[in-house]
$ cat input_18.cif   # mmCIF, C-alpha atoms
data_protein
loop_
_atom_site.label_atom_id
_atom_site.label_comp_id
_atom_site.auth_asym_id
_atom_site.auth_seq_id
_atom_site.Cartn_x
_atom_site.Cartn_y
_atom_site.Cartn_z
CA MET R 1 -8.24 -6.43 51.30
CA LYS R 2 -11.90 -7.20 50.97
CA THR R 3 -12.43 -4.16 48.79
CA LYS R 4 -9.60 -5.27 46.56
CA LEU R 5 -11.11 -8.72 46.22
CA VAL R 6 -14.49 -7.28 45.31
CA ALA R 7 -12.88 -4.95 42.82
CA PHE R 8 -10.94 -7.83 41.30
CA THR R 9 -14.03 -10.04 41.06
CA LEU R 10 -15.96 -7.20 39.50
CA LEU R 11 -13.19 -6.51 37.02
CA ALA R 12 -12.91 -10.20 36.16
CA SER R 13 -16.62 -10.54 35.54
CA ILE R 14 -16.66 -7.41 33.41
CA SER R 15 -13.84 -8.65 31.25
CA ALA R 16 -15.38 -12.13 31.08
CA PHE R 17 -18.63 -10.54 29.95
CA ALA R 18 -16.76 -8.36 27.49
CA SER R 19 -15.12 -11.34 25.84
CA PHE R 20 -18.43 -13.21 25.89
CA ALA R 21 -20.11 -10.24 24.25
CA GLN R 22 -17.32 -10.11 21.67
CA ASP R 23 -17.74 -13.78 20.86
CA ALA R 24 -21.45 -13.28 20.54
CA ALA R 25 -20.88 -10.39 18.15
CA ASP R 26 -18.24 -12.23 16.13
CA PRO R 27 -18.93 -15.96 15.92
CA PHE R 28 -15.74 -16.43 13.89
CA ALA R 29 -13.30 -14.92 16.40
CA ASP R 30 -12.14 -18.35 17.56
CA VAL R 31 -11.59 -19.91 14.14
CA VAL R 32 -9.75 -16.84 12.88
CA GLU R 33 -7.50 -16.94 15.93
CA THR R 34 -6.98 -20.67 15.43
CA ARG R 35 -5.99 -20.14 11.78
CA HIS R 36 -3.49 -17.45 12.71
CA GLY R 37 -2.08 -19.56 15.50
CA LEU R 38 -1.55 -22.53 13.18
CA MET R 39 0.18 -20.31 10.61
CA LEU R 40 2.41 -18.69 13.25
CA GLN R 41 3.48 -22.08 14.58
CA MET R 42 4.24 -23.17 11.02
CA ALA R 43 6.33 -20.00 10.49
CA SER R 44 8.26 -20.75 13.67
CA ASP R 45 9.10 -24.29 12.50
CA LEU R 46 9.92 -23.03 9.02
CA GLY R 47 12.35 -20.61 10.67
CA THR R 48 14.19 -23.54 12.23
CA LEU R 49 14.47 -25.29 8.87
CA GLY R 50 15.16 -22.08 6.94
CA GLY R 51 18.11 -21.18 9.15
CA MET R 52 19.71 -24.53 8.35
CA ALA R 53 18.89 -24.14 4.64
CA LYS R 54 20.48 -20.68 4.53
CA GLY R 55 23.45 -21.82 6.57
CA THR R 56 22.86 -19.33 9.39
CA ALA R 57 22.30 -22.30 11.74
CA ALA R 58 24.17 -25.61 11.82
CA TYR R 59 22.29 -28.67 10.60
CA ASP R 60 20.77 -30.48 13.56
CA GLN R 61 18.94 -33.64 12.56
CA ALA R 62 16.83 -33.87 15.71
CA ALA R 63 15.72 -30.23 15.60
CA ALA R 64 15.06 -30.37 11.85
CA THR R 65 13.03 -33.56 12.17
CA GLN R 66 10.98 -32.07 15.00
CA ALA R 67 10.28 -28.91 12.99
CA ALA R 68 9.32 -30.84 9.86
CA SER R 69 7.06 -33.14 11.89
CA ASN R 70 5.34 -30.12 13.41
CA ILE R 71 4.72 -28.65 9.95
CA ALA R 72 3.30 -31.96 8.73
CA ALA R 73 1.07 -32.15 11.80
CA ILE R 74 -0.24 -28.62 11.28
CA ALA R 75 -0.84 -29.32 7.59
CA SER R 76 -2.84 -32.42 8.55
CA VAL R 77 -5.04 -30.35 10.86
CA LEU R 78 -5.96 -27.82 8.15
CA SER R 79 -9.45 -28.47 6.79
CA MET R 80 -12.75 -26.75 6.27
CA ALA R 81 -13.16 -26.94 10.07
CA GLN R 82 -11.01 -23.79 10.45
CA PHE R 83 -12.71 -22.19 7.46
CA PRO R 84 -16.46 -22.10 8.14
CA ALA R 85 -18.45 -20.34 5.42
CA GLY R 86 -18.78 -16.66 6.14
CA SER R 87 -15.47 -16.21 7.94
CA GLU R 88 -13.97 -14.16 5.10
CA THR R 89 -12.24 -10.81 5.20
CA GLY R 90 -14.70 -8.00 5.76
CA ALA R 91 -17.18 -10.31 7.48
CA ALA R 92 -14.99 -11.65 10.29
CA ALA R 93 -12.60 -9.45 12.26
CA ASP R 94 -8.87 -9.88 11.44
CA SER R 95 -9.68 -12.36 8.67
CA TYR R 96 -7.72 -12.26 5.42
CA ALA R 97 -9.54 -15.27 3.96
CA LEU R 98 -11.17 -14.70 0.58
CA ALA R 99 -14.70 -15.87 -0.18
CA ASP R 100 -13.38 -17.90 -3.16
CA ILE R 101 -12.50 -20.55 -0.54
CA TRP R 102 -16.12 -21.62 -0.55
CA THR R 103 -16.94 -21.08 -4.21
CA LYS R 104 -13.86 -23.08 -5.25
CA GLN R 105 -13.75 -25.41 -2.28
CA ASP R 106 -12.41 -28.42 -4.23
CA ASP R 107 -9.44 -26.40 -5.43
CA PHE R 108 -8.85 -25.02 -1.93
CA LEU R 109 -8.80 -28.55 -0.51
CA SER R 110 -6.48 -29.76 -3.27
CA LYS R 111 -4.04 -27.02 -2.28
CA ILE R 112 -4.15 -28.29 1.31
CA THR R 113 -3.37 -31.76 -0.07
CA ASP R 114 -0.39 -30.25 -1.96
CA LEU R 115 0.80 -28.74 1.31
CA ASN R 116 0.57 -32.11 3.06
CA ASN R 117 2.60 -33.71 0.25
CA ALA R 118 5.24 -30.98 0.41
CA ALA R 119 5.41 -31.35 4.20
CA GLY R 120 5.94 -35.09 3.75
CA MET R 121 8.86 -34.38 1.39
CA MET R 122 10.30 -31.95 3.93
CA LYS R 123 10.20 -34.64 6.64
CA MET R 124 12.42 -36.83 4.47
CA ALA R 125 14.69 -33.91 3.65
CA ALA R 126 14.99 -32.90 7.30
CA ALA R 127 16.32 -36.34 8.17
CA THR R 128 18.92 -36.08 5.36
CA ASP R 129 20.99 -32.87 5.42
CA ALA R 130 20.88 -29.07 5.07
CA ASN R 131 21.15 -29.25 1.29
CA ALA R 132 18.10 -31.48 1.07
CA ILE R 133 16.19 -29.05 3.30
CA LYS R 134 17.18 -26.19 1.01
CA GLY R 135 15.88 -28.12 -1.99
CA SER R 136 12.62 -28.91 -0.23
CA MET R 137 11.95 -25.32 0.88
CA ALA R 138 10.98 -24.27 -2.64
CA GLN R 139 8.28 -26.95 -2.91
CA LEU R 140 6.94 -26.19 0.54
CA GLY R 141 7.00 -22.44 -0.09
CA GLY R 142 5.30 -23.03 -3.44
CA ALA R 143 2.48 -24.86 -1.67
CA CYS R 144 2.07 -21.97 0.80
CA SER R 145 2.06 -19.27 -1.84
CA ALA R 146 -0.17 -21.16 -4.30
CA CYS R 147 -2.93 -21.13 -1.69
CA HIS R 148 -2.19 -17.60 -0.49
CA LYS R 149 -2.24 -16.31 -4.07
CA SER R 150 -5.78 -17.52 -4.63
CA TYR R 151 -7.32 -17.40 -1.19
CA ARG R 152 -5.63 -14.78 0.99
CA GLN R 153 -6.21 -11.05 0.76
CA PRO R 154 -2.81 -9.32 0.42
CA GLU R 155 -1.99 -7.30 3.53
CA SER R 156 -0.57 -4.24 1.87
CA MET G 1 -11.93 38.26 -38.20
CA VAL G 2 -11.63 35.95 -41.14
CA GLY G 3 -7.89 36.48 -40.99
CA PHE G 4 -7.86 35.59 -37.31
CA LEU G 5 -9.84 32.40 -37.92
CA THR G 6 -7.50 31.47 -40.76
CA LYS G 7 -4.57 31.96 -38.43
CA VAL G 8 -6.19 29.80 -35.74
CA ALA G 9 -6.99 27.14 -38.29
CA GLY G 10 -3.47 27.38 -39.62
CA VAL G 11 -1.91 26.96 -36.19
CA GLY G 12 -4.31 24.09 -35.53
CA LEU G 13 -3.28 22.40 -38.76
CA ILE G 14 0.40 22.82 -38.00
CA GLY G 15 -0.24 21.37 -34.54
CA LEU G 16 -2.08 18.42 -36.01
CA ALA G 17 0.65 17.85 -38.56
CA GLY G 18 3.21 17.98 -35.79
CA PHE G 19 1.23 15.49 -33.72
CA TRP G 20 0.97 13.24 -36.77
CA VAL G 21 4.72 13.30 -37.28
CA ILE G 22 5.88 12.84 -33.69
CA SER G 23 3.19 10.26 -32.90
CA ALA G 24 4.07 8.02 -35.85
CA PRO G 25 5.49 4.69 -34.79
CA ALA G 26 9.25 5.12 -34.84
CA LEU G 27 10.48 2.07 -36.64
CA PRO G 28 14.08 1.23 -35.90
CA SER G 29 15.66 -1.30 -38.21
CA MET G 30 15.09 -4.91 -37.25
CA ALA G 31 17.85 -5.94 -39.67
CA VAL G 32 19.87 -7.37 -36.77
CA TYR G 33 17.32 -10.19 -36.59
CA ASP G 34 17.84 -11.30 -40.19
CA GLY G 35 21.02 -13.12 -39.27
CA LEU G 36 19.77 -14.63 -35.99
CA THR G 37 18.46 -18.12 -35.38
CA GLY G 38 16.64 -18.76 -32.14
CA ASP G 39 17.38 -21.67 -29.82
CA ALA G 40 14.14 -22.75 -28.13
CA LYS G 41 15.93 -24.42 -25.22
CA ALA G 42 17.86 -21.25 -24.45
CA GLY G 43 14.62 -19.32 -24.82
CA GLU G 44 12.89 -21.08 -21.93
CA PRO G 45 14.72 -19.26 -19.11
CA VAL G 46 14.22 -15.99 -20.99
CA PHE G 47 10.50 -16.82 -21.13
CA TRP G 48 10.28 -17.34 -17.37
CA ALA G 49 12.49 -14.40 -16.46
CA ALA G 50 10.41 -12.10 -18.67
CA GLY G 51 7.21 -13.35 -17.02
CA CYS G 52 5.32 -13.86 -20.30
CA ALA G 53 3.04 -16.58 -18.93
CA SER G 54 2.11 -14.62 -15.82
CA CYS G 55 0.08 -12.22 -17.95
CA HIS G 56 -0.67 -14.15 -21.16
CA ALA G 57 -1.88 -17.44 -19.62
CA ALA G 58 -5.62 -17.80 -19.10
CA PRO G 59 -7.00 -16.33 -15.85
CA ASP G 60 -6.25 -18.69 -12.92
CA ALA G 61 -4.16 -21.03 -15.11
CA GLU G 62 -1.80 -23.16 -13.03
CA LYS G 63 1.04 -25.57 -13.72
CA ASP G 64 1.15 -26.75 -17.37
CA ALA G 65 -1.89 -24.68 -18.30
CA GLN G 66 0.36 -21.64 -17.85
CA LEU G 67 2.10 -22.62 -21.08
CA VAL G 68 -1.05 -21.96 -23.13
CA LEU G 69 -0.69 -18.23 -23.76
CA GLN G 70 -4.30 -17.71 -24.84
CA GLY G 71 -4.75 -14.39 -23.04
CA GLY G 72 -7.82 -13.15 -21.23
CA GLN G 73 -6.38 -11.81 -17.99
CA ALA G 74 -7.58 -8.28 -17.25
CA PHE G 75 -5.23 -5.53 -16.03
CA PRO G 76 -7.03 -2.51 -14.60
CA SER G 77 -5.28 0.86 -14.73
CA ALA G 78 -6.11 4.54 -14.45
CA PHE G 79 -6.46 4.59 -18.26
CA GLY G 80 -8.74 1.61 -18.73
CA THR G 81 -8.61 -2.15 -18.49
CA PHE G 82 -6.19 -4.00 -20.72
CA ILE G 83 -6.89 -7.60 -21.70
CA ALA G 84 -3.84 -9.73 -22.47
CA PRO G 85 -4.10 -11.09 -26.04
CA ASN G 86 -3.61 -14.60 -27.41
CA ILE G 87 0.08 -15.03 -28.27
CA THR G 88 -0.02 -18.78 -28.89
CA PRO G 89 1.30 -20.19 -32.20
CA ASP G 90 -2.27 -20.34 -33.58
CA PRO G 91 -1.93 -18.75 -37.05
CA VAL G 92 -5.32 -17.03 -36.93
CA GLN G 93 -6.00 -16.06 -33.29
CA GLY G 94 -2.40 -16.10 -32.10
CA ILE G 95 0.92 -15.00 -33.55
CA GLY G 96 1.86 -18.21 -35.36
CA GLY G 97 2.07 -16.41 -38.69
CA TRP G 98 4.48 -13.74 -37.46
CA SER G 99 8.14 -13.45 -38.38
CA LEU G 100 10.99 -12.97 -35.90
CA PRO G 101 11.44 -9.28 -36.86
CA GLU G 102 7.69 -8.70 -36.38
CA PHE G 103 7.83 -10.39 -32.98
CA ALA G 104 10.90 -8.35 -32.02
CA MET G 105 9.21 -5.13 -33.18
CA ALA G 106 6.21 -5.85 -30.95
CA VAL G 107 8.14 -7.01 -27.89
CA THR G 108 10.98 -4.48 -27.90
CA GLN G 109 9.36 -1.46 -29.62
CA GLY G 110 5.66 -1.87 -28.82
CA VAL G 111 4.65 -1.76 -32.48
CA GLY G 112 2.19 -4.34 -33.76
CA ARG G 113 2.23 -6.26 -37.00
CA ASN G 114 0.07 -3.66 -38.73
CA GLY G 115 2.30 -0.78 -37.66
CA GLU G 116 0.04 0.22 -34.77
CA HIS G 117 1.30 1.26 -31.34
CA LEU G 118 0.76 -1.33 -28.63
CA TYR G 119 -0.28 -0.27 -25.15
CA PRO G 120 2.51 -0.26 -22.56
CA ALA G 121 0.70 -2.91 -20.51
CA LEU G 122 3.17 -4.89 -22.61
CA PRO G 123 6.36 -3.77 -20.82
CA TYR G 124 8.38 -2.84 -23.91
CA ALA G 125 9.91 0.00 -21.89
CA ALA G 126 11.85 -2.84 -20.23
CA TYR G 127 12.02 -5.37 -23.05
CA ASN G 128 13.63 -2.74 -25.33
CA LYS G 129 16.85 -3.53 -23.43
CA MET G 130 16.74 -7.24 -24.26
CA ALA G 131 19.67 -8.75 -26.13
CA PRO G 132 18.56 -9.57 -29.72
CA GLN G 133 19.73 -13.17 -29.32
CA ASP G 134 17.48 -13.53 -26.26
CA VAL G 135 14.54 -12.16 -28.27
CA ALA G 136 15.27 -14.72 -31.01
CA ASN G 137 15.54 -17.53 -28.45
CA LEU G 138 12.30 -16.43 -26.77
CA TRP G 139 10.52 -16.42 -30.13
CA ALA G 140 11.80 -19.93 -30.83
CA PHE G 141 10.56 -21.14 -27.43
CA ILE G 142 7.13 -19.52 -27.72
CA GLN G 143 6.63 -21.28 -31.07
CA THR G 144 7.02 -24.65 -29.31
CA LEU G 145 4.10 -23.94 -26.94
CA PRO G 146 0.52 -25.20 -27.47
CA ALA G 147 -1.71 -23.28 -29.87
CA SER G 148 -5.13 -22.03 -28.82
CA ALA G 149 -7.89 -20.70 -31.07
CA THR G 150 -9.34 -18.54 -28.28
CA PRO G 151 -9.91 -15.07 -29.78
CA SER G 152 -8.23 -12.08 -28.13
CA GLN G 153 -10.64 -9.70 -26.45
CA PRO G 154 -10.60 -5.94 -27.06
CA HIS G 155 -9.11 -3.67 -24.42
CA GLN G 156 -11.63 -1.65 -22.41
CA VAL G 157 -10.07 1.74 -22.93
CA GLY G 158 -12.10 4.94 -23.35
CA PHE G 159 -11.41 8.27 -25.06
CA PRO G 160 -8.79 9.71 -25.38
CA PHE G 161 -6.61 6.72 -24.52
CA ASN G 162 -8.20 4.65 -27.26
CA ILE G 163 -6.39 6.83 -29.82
CA ARG G 164 -3.35 4.64 -30.24
CA ARG G 165 -1.55 7.34 -32.16
CA SER G 166 -1.19 9.30 -28.90
CA LEU G 167 1.02 6.48 -27.64
CA GLY G 168 3.67 7.70 -30.08
CA VAL G 169 4.04 10.86 -28.02
CA TRP G 170 3.92 8.86 -24.78
CA LYS G 171 6.74 6.62 -25.97
CA ARG G 172 8.92 9.58 -26.92
CA MET G 173 8.40 11.04 -23.45
CA PHE G 174 8.72 7.95 -21.27
CA VAL G 175 10.40 5.03 -23.00
CA LYS G 176 14.17 5.15 -22.44
CA ASN G 177 16.82 2.91 -23.89
CA ASP G 178 19.40 3.31 -21.14
CA TRP G 179 19.72 1.53 -17.80
CA VAL G 180 18.39 3.18 -14.65
CA VAL G 181 21.28 1.93 -12.52
CA GLN G 182 24.51 3.20 -14.07
CA GLY G 183 28.18 2.92 -13.19
CA ASP G 184 30.82 0.22 -13.03
CA LEU G 185 29.07 -3.04 -12.33
CA THR G 186 30.54 -6.45 -11.60
CA PRO G 187 29.45 -9.20 -14.01
CA GLU G 188 27.01 -10.45 -11.35
CA GLN G 189 25.49 -6.99 -10.76
CA SER G 190 25.28 -6.47 -14.49
CA ARG G 191 23.46 -9.78 -14.93
CA GLY G 192 21.09 -8.79 -12.13
CA ARG G 193 20.42 -5.46 -13.82
CA TYR G 194 19.67 -7.21 -17.09
CA ILE G 195 17.18 -9.56 -15.39
CA ALA G 196 15.55 -6.87 -13.23
CA GLU G 197 15.45 -3.96 -15.71
CA ALA G 198 15.13 -5.71 -19.09
CA LEU G 199 13.43 -9.07 -18.49
CA ALA G 200 11.53 -9.25 -15.19
CA HIS G 201 10.41 -5.60 -15.55
CA CYS G 202 10.35 -5.05 -11.75
CA GLY G 203 10.02 -1.30 -12.22
CA GLU G 204 6.65 -1.62 -13.95
CA CYS G 205 4.90 -2.30 -10.63
CA HIS G 206 7.49 -1.27 -8.02
CA SER G 207 8.14 2.25 -9.36
CA PRO G 208 5.68 5.13 -9.03
CA ARG G 209 4.21 6.66 -12.19
CA ASN G 210 3.35 10.24 -13.11
CA ALA G 211 -0.13 11.48 -14.09
CA LEU G 212 0.40 10.26 -17.65
CA GLY G 213 1.45 6.79 -16.58
CA GLY G 214 5.15 7.30 -17.23
CA ILE G 215 7.50 5.62 -14.77
CA LYS G 216 9.34 8.07 -12.49
CA ARG G 217 12.83 6.80 -13.11
CA ASP G 218 14.21 9.08 -10.39
CA GLN G 219 12.13 7.08 -7.90
CA TRP G 220 13.08 3.70 -9.28
CA LEU G 221 11.60 0.81 -7.24
CA ALA G 222 10.42 3.23 -4.54
CA GLY G 223 6.99 1.56 -4.32
CA ALA G 224 3.66 2.53 -5.84
CA PRO G 225 -0.08 2.14 -5.41
CA ASN G 226 -1.28 -1.28 -6.51
CA PRO G 227 -2.92 -0.79 -9.94
CA ASP G 228 -5.78 -3.11 -8.97
CA GLY G 229 -6.60 -0.76 -6.12
CA LYS G 230 -5.67 -2.92 -3.12
CA GLY G 231 -2.85 -1.48 -1.02
CA ARG G 232 0.64 -0.67 -2.25
CA VAL G 233 3.42 -2.42 -4.10
CA PRO G 234 6.34 -2.09 -1.66
CA ASN G 235 9.44 0.05 -1.84
CA ILE G 236 12.28 -2.41 -2.56
CA THR G 237 15.16 0.08 -2.56
CA PRO G 238 17.82 -0.41 0.14
CA ALA G 239 16.12 2.34 2.19
CA LYS G 240 13.19 0.02 2.92
CA LEU G 241 14.24 -3.49 1.94
CA SER G 242 16.62 -4.39 4.74
CA TRP G 243 16.84 -8.09 3.86
CA SER G 244 20.24 -9.67 3.29
CA GLU G 245 21.09 -10.96 -0.16
CA ASP G 246 20.53 -14.50 1.18
CA ASP G 247 17.07 -13.46 2.36
CA ILE G 248 16.24 -12.04 -1.09
CA VAL G 249 17.45 -15.23 -2.78
CA GLU G 250 15.30 -17.33 -0.42
CA TYR G 251 12.25 -15.15 -1.11
CA LEU G 252 12.74 -15.42 -4.88
CA THR G 253 13.13 -19.21 -4.54
CA SER G 254 10.52 -20.35 -2.00
CA GLY G 255 8.47 -17.19 -1.50
CA PHE G 256 9.32 -17.10 2.21
CA THR G 257 10.06 -13.76 3.84
CA PRO G 258 12.68 -13.72 6.63
CA GLU G 259 9.73 -14.06 9.06
CA TYR G 260 8.49 -17.09 7.08
CA ASP G 261 5.34 -15.46 5.93
CA SER G 262 4.77 -16.38 2.32
CA VAL G 263 4.57 -14.23 -0.78
CA GLY G 264 1.10 -13.13 -1.88
CA GLY G 265 -0.73 -11.38 -4.68
CA HIS G 266 0.74 -10.95 -8.15
CA MET G 267 4.24 -11.36 -6.73
CA VAL G 268 3.51 -15.10 -6.41
CA HIS G 269 3.83 -15.26 -10.20
CA VAL G 270 7.17 -13.50 -10.06
CA VAL G 271 8.53 -15.90 -7.44
CA GLU G 272 7.29 -18.91 -9.42
CA ASN G 273 9.12 -17.54 -12.46
CA MET G 274 12.32 -16.65 -10.62
CA ALA G 275 12.38 -20.07 -8.93
CA ARG G 276 12.77 -21.64 -12.39
CA LEU G 277 16.02 -19.76 -13.07
CA PRO G 278 19.45 -20.91 -11.94
CA GLU G 279 20.27 -19.79 -8.39
CA SER G 280 23.07 -17.63 -9.81
CA ASP G 281 20.41 -15.48 -11.52
CA ARG G 282 18.50 -14.97 -8.27
CA ARG G 283 21.78 -14.05 -6.55
CA ALA G 284 22.42 -11.58 -9.35
CA VAL G 285 19.04 -9.92 -8.79
CA ALA G 286 19.76 -9.70 -5.05
CA ALA G 287 23.15 -8.10 -5.78
CA TYR G 288 21.47 -5.63 -8.15
CA LEU G 289 18.81 -4.62 -5.58
CA LYS G 290 21.59 -3.61 -3.17
CA LEU G 291 22.89 -1.19 -5.84
CA VAL G 292 19.62 0.66 -6.42
CA ALA G 293 19.54 4.23 -5.08
CA PRO G 294 17.76 4.31 -1.68
CA GLN G 295 14.40 6.10 -1.73
CA GLN G 296 12.70 7.05 1.51
CA ASN G 297 9.04 7.30 0.50
#

$ encode --input "input_18.cif" --output "structure tokens"
Amino acid sequence: MKTKLVAFTLLASISAFASFAQDAADPFADVVETRHGLMLQMASDLGTLGGMAKGTAAYDQAAATQAASNIAAIASVLSMAQFPAGSETGAAADSYALADIWTKQDDFLSKITDLNNAAGMMKMAAATDANAIKGSMAQLGGACSACHKSYRQPES
Amino acid sequence: MVGFLTKVAGVGLIGLAGFWVISAPALPSMAVYDGLTGDAKAGEPVFWAAGCASCHAAPDAEKDAQLVLQGGQAFPSAFGTFIAPNITPDPVQGIGGWSLPEFAMAVTQGVGRNGEHLYPALPYAAYNKMAPQDVANLWAFIQTLPASATPSQPHQVGFPFNIRRSLGVWKRMFVKNDWVVQGDLTPEQSRGRYIAEALAHCGECHSPRNALGGIKRDQWLAGAPNPDGKGRVPNITPAKLSWSEDDIVEYLTSGFTPEYDSVGGHMVHVVENMARLPESDRRAVAAYLKLVAPQQN
């Protein structure tokens, strides 16, 4: 029992040190993970709305409103705070961000503003009906892709 | 010895003469355009479906700036870098002084106003299937767009690809007038084929090419290396694109994949263009994609 405990403690401290060492080696690991987490949560909420827009799920005002509110909240969080200079692809592990983010920062921020506006429209649509959601998806998707076109390295 | 050299020279001359004949721009009659009048309003959806602005707008142009077709975007390829020219109505730097038959000759046959071959960065291998009335409508619409006096820049193409005459041979080998997807099609599938194969020129990026840059029509839409060197343009035949028609329509409307990732790269332009068409056209493209022969690679 005691041996097991020692082994466990040892293992825990090794892995704690390993992650500490990793953070030390890659100062952007946390922001990159944060960015991906925000995008994944947005995708999950978009899935809720998209199902209703496509008609694969029944319109549910409460669920739609919750999803749209989440998207608006995530959009409002996005700022330069998650995009510190130097955290671009090639420099930071798992990053797909392009360095143009910092050379064209005003444009990058204006695209975040566009996303916030589109998310606001989606909140109104979500409270209306499935057809309104469908109409609002194009604007919201346009805001996503406008930024990804300029500032995200394509995966494949 | 002299006789041998004469023979070699003779064969060489015959070869050259042959090259001169088969490389000459083949000039089909544009007489069909004499009786046509374009409708600019009807030309707008043709303009978006054909993706003109995506290549001819200035680099990084967005929103209304995309309607100024001043050129300047660079398209790298294995044969050199092509720079999209100014096709605004400016009479000097653009194509304002052109006639409808001259425009049709360039767009559908890849032959410029001075009888020269145009490089196939202009996808005339697709546009050659456009309905003449659509070409006339497109011409009418393009003439309503803002003029720009920005000069076109020369292509950065080295020897031997800078010999435009050689494009005559290339065209004879690789430019086909018939549809890739054949058979009995419903009106919707047929509309989708027209948009995908004639206007939106999907095959230009999504189909692999041979060593000479000709599209491998037997591997239509099977995916290809990205010409700008980053990754691959995906296989969108039914073997690899498992999305439902509804999923495809959603992607072409909002840019969202079924996992709610968003479209990236040059395809963003395509989605922006497709989103401007009636939903029935996006449905038609989805129906067409289900008809394409599956390719495993």

$ interface_residues --input "input_18.cif" --of "chain R" --to "chain G" --cutoff "12 Å" --atoms "all atoms listed in the file" --output "PyMOL selection string"
chain R and resi 36+39-51+53-56+96+104+107+111+133-156

$ residues_around --input "input_18.cif" --residues "Met274 in chain G" --least-positions-apart "6" --cutoff "9 Å" --atoms "all atoms listed in the file" --output "number ranges by chain"
G: 48-49, 51, 200, 252-253, 281-282

$ resolve_selection --input "input_18.cif" --expression "the PyMOL selection byres ((chain R and resi 78) around 12)" --output "PyMOL selection string"
chain R and resi 31+34-39+42+71-77+79-84+108-116

$ resolve_selection --input "input_18.cif" --expression "the PyMOL selection byres ((chain G and resi 135-152) around 10)" --output "VMD selection string"
chain G and resid 33 36 to 48 50 52 58 65 67 to 72 83 to 96 98 to 101 103 to 104 107 to 108 127 to 128 130 to 134 153 to 155

$ residues_around --input "input_18.cif" --residues "Thr65 in chain R" --least-positions-apart "2" --cutoff "8 Å" --atoms "only C-alpha atoms" --output "PyMOL selection string"
chain R and resi 61-63+67-69+123+126-127

$ resolve_selection --input "input_18.cif" --expression "the PyMOL selection byres ((chain G and resi 180-194) around 7)" --output "number ranges by chain"
G: 178-179, 195-199, 217, 281, 284-285, 287-288, 292

$ write_last_selection --input "input_18.cif" --atoms "C-alpha atoms" --output "short mmCIF file (atom, residue, chain, number, x, y, z; two decimals), in the coordinates of the input"
data_model
loop_
_atom_site.label_atom_id
_atom_site.label_comp_id
_atom_site.auth_asym_id
_atom_site.auth_seq_id
_atom_site.Cartn_x
_atom_site.Cartn_y
_atom_site.Cartn_z
CA ASP G 178 19.40 3.31 -21.14
CA TRP G 179 19.72 1.53 -17.80
CA ILE G 195 17.18 -9.56 -15.39
CA ALA G 196 15.55 -6.87 -13.23
CA GLU G 197 15.45 -3.96 -15.71
CA ALA G 198 15.13 -5.71 -19.09
CA LEU G 199 13.43 -9.07 -18.49
CA ARG G 217 12.83 6.80 -13.11
CA ASP G 281 20.41 -15.48 -11.52
CA ALA G 284 22.42 -11.58 -9.35
CA VAL G 285 19.04 -9.92 -8.79
CA ALA G 287 23.15 -8.10 -5.78
CA TYR G 288 21.47 -5.63 -8.15
CA VAL G 292 19.62 0.66 -6.42
#

$ residues_around --input "input_18.cif" --residues "Trp170 in chain G" --least-positions-apart "3" --cutoff "9 Å" --atoms "only C-alpha atoms" --output "list of chain:residue names"
G:Ser23, G:Ser166, G:Leu167, G:Met173, G:Phe174, G:Val175, G:Leu212, G:Gly213, G:Gly214

$ axis_aligned_box --input "input_18.cif" --around "range 77-87 of chain R" --padding-each-side "3 Å" --output "JSON"
{"center_x": -11.9, "center_y": -23.3, "center_z": 8.1, "size_x": 19.7, "size_y": 20.1, "size_z": 11.4}

$ atom_distance --input "input_18.cif" --atom1 "CA of Arg164 in chain G" --atom2 "CA of Glu116 in chain G"
7.2 Å

$ atom_distance --input "input_18.cif" --atom1 "CA of Ala57 in chain G" --atom2 "CA of Ala222 in chain G"
28.4 Å

$ closest_residue --input "input_18.cif" --among "G:Val111, G:Ala106, G:Ala211, G:Cys55" --to "Phe75 in chain G" --atoms "only C-alpha atoms"
G:Cys55

$ atom_distance --input "input_18.cif" --atom1 "CA of Cys202 in chain G" --atom2 "CA of Gly80 in chain G"
21.4 Å

$ residues_around --input "input_18.cif" --residues "Gln109 in chain G" --least-positions-apart "4" --cutoff "12 Å" --atoms "all atoms listed in the file" --output "PyMOL selection string"
chain G and resi 25-30+101-105+113+115-120+122-130+135+167-168+171-172+175-177

$ closest_residue --input "input_18.cif" --among "G:Ser77, G:Asn273, G:Gln156, G:Asn297" --to "Thr237 in chain G" --atoms "all atoms listed in the file"
G:Asn297

$ build_atoms --input "input_18.cif" --residues "range 255-259 of chain G" --atoms "N, CA and C atoms" --output "compact mmCIF listing (two decimals), in the frame of the given file"
# COMPACT_ATOMS: atom_id res chain seq x y z
N GLY G 255 9.55 -18.13 -1.83
CA GLY G 255 8.47 -17.19 -1.50
C GLY G 255 8.39 -16.87 -0.03
N PHE G 256 9.35 -17.39 0.78
CA PHE G 256 9.32 -17.10 2.21
C PHE G 256 10.07 -15.81 2.53
N THR G 257 9.40 -14.94 3.31
CA THR G 257 10.06 -13.76 3.84
C THR G 257 10.96 -14.21 4.99
N PRO G 258 11.84 -13.32 5.49
CA PRO G 258 12.68 -13.72 6.63
C PRO G 258 11.85 -14.10 7.86
N GLU G 259 10.59 -13.66 7.93
CA GLU G 259 9.73 -14.06 9.06
C GLU G 259 8.94 -15.32 8.73
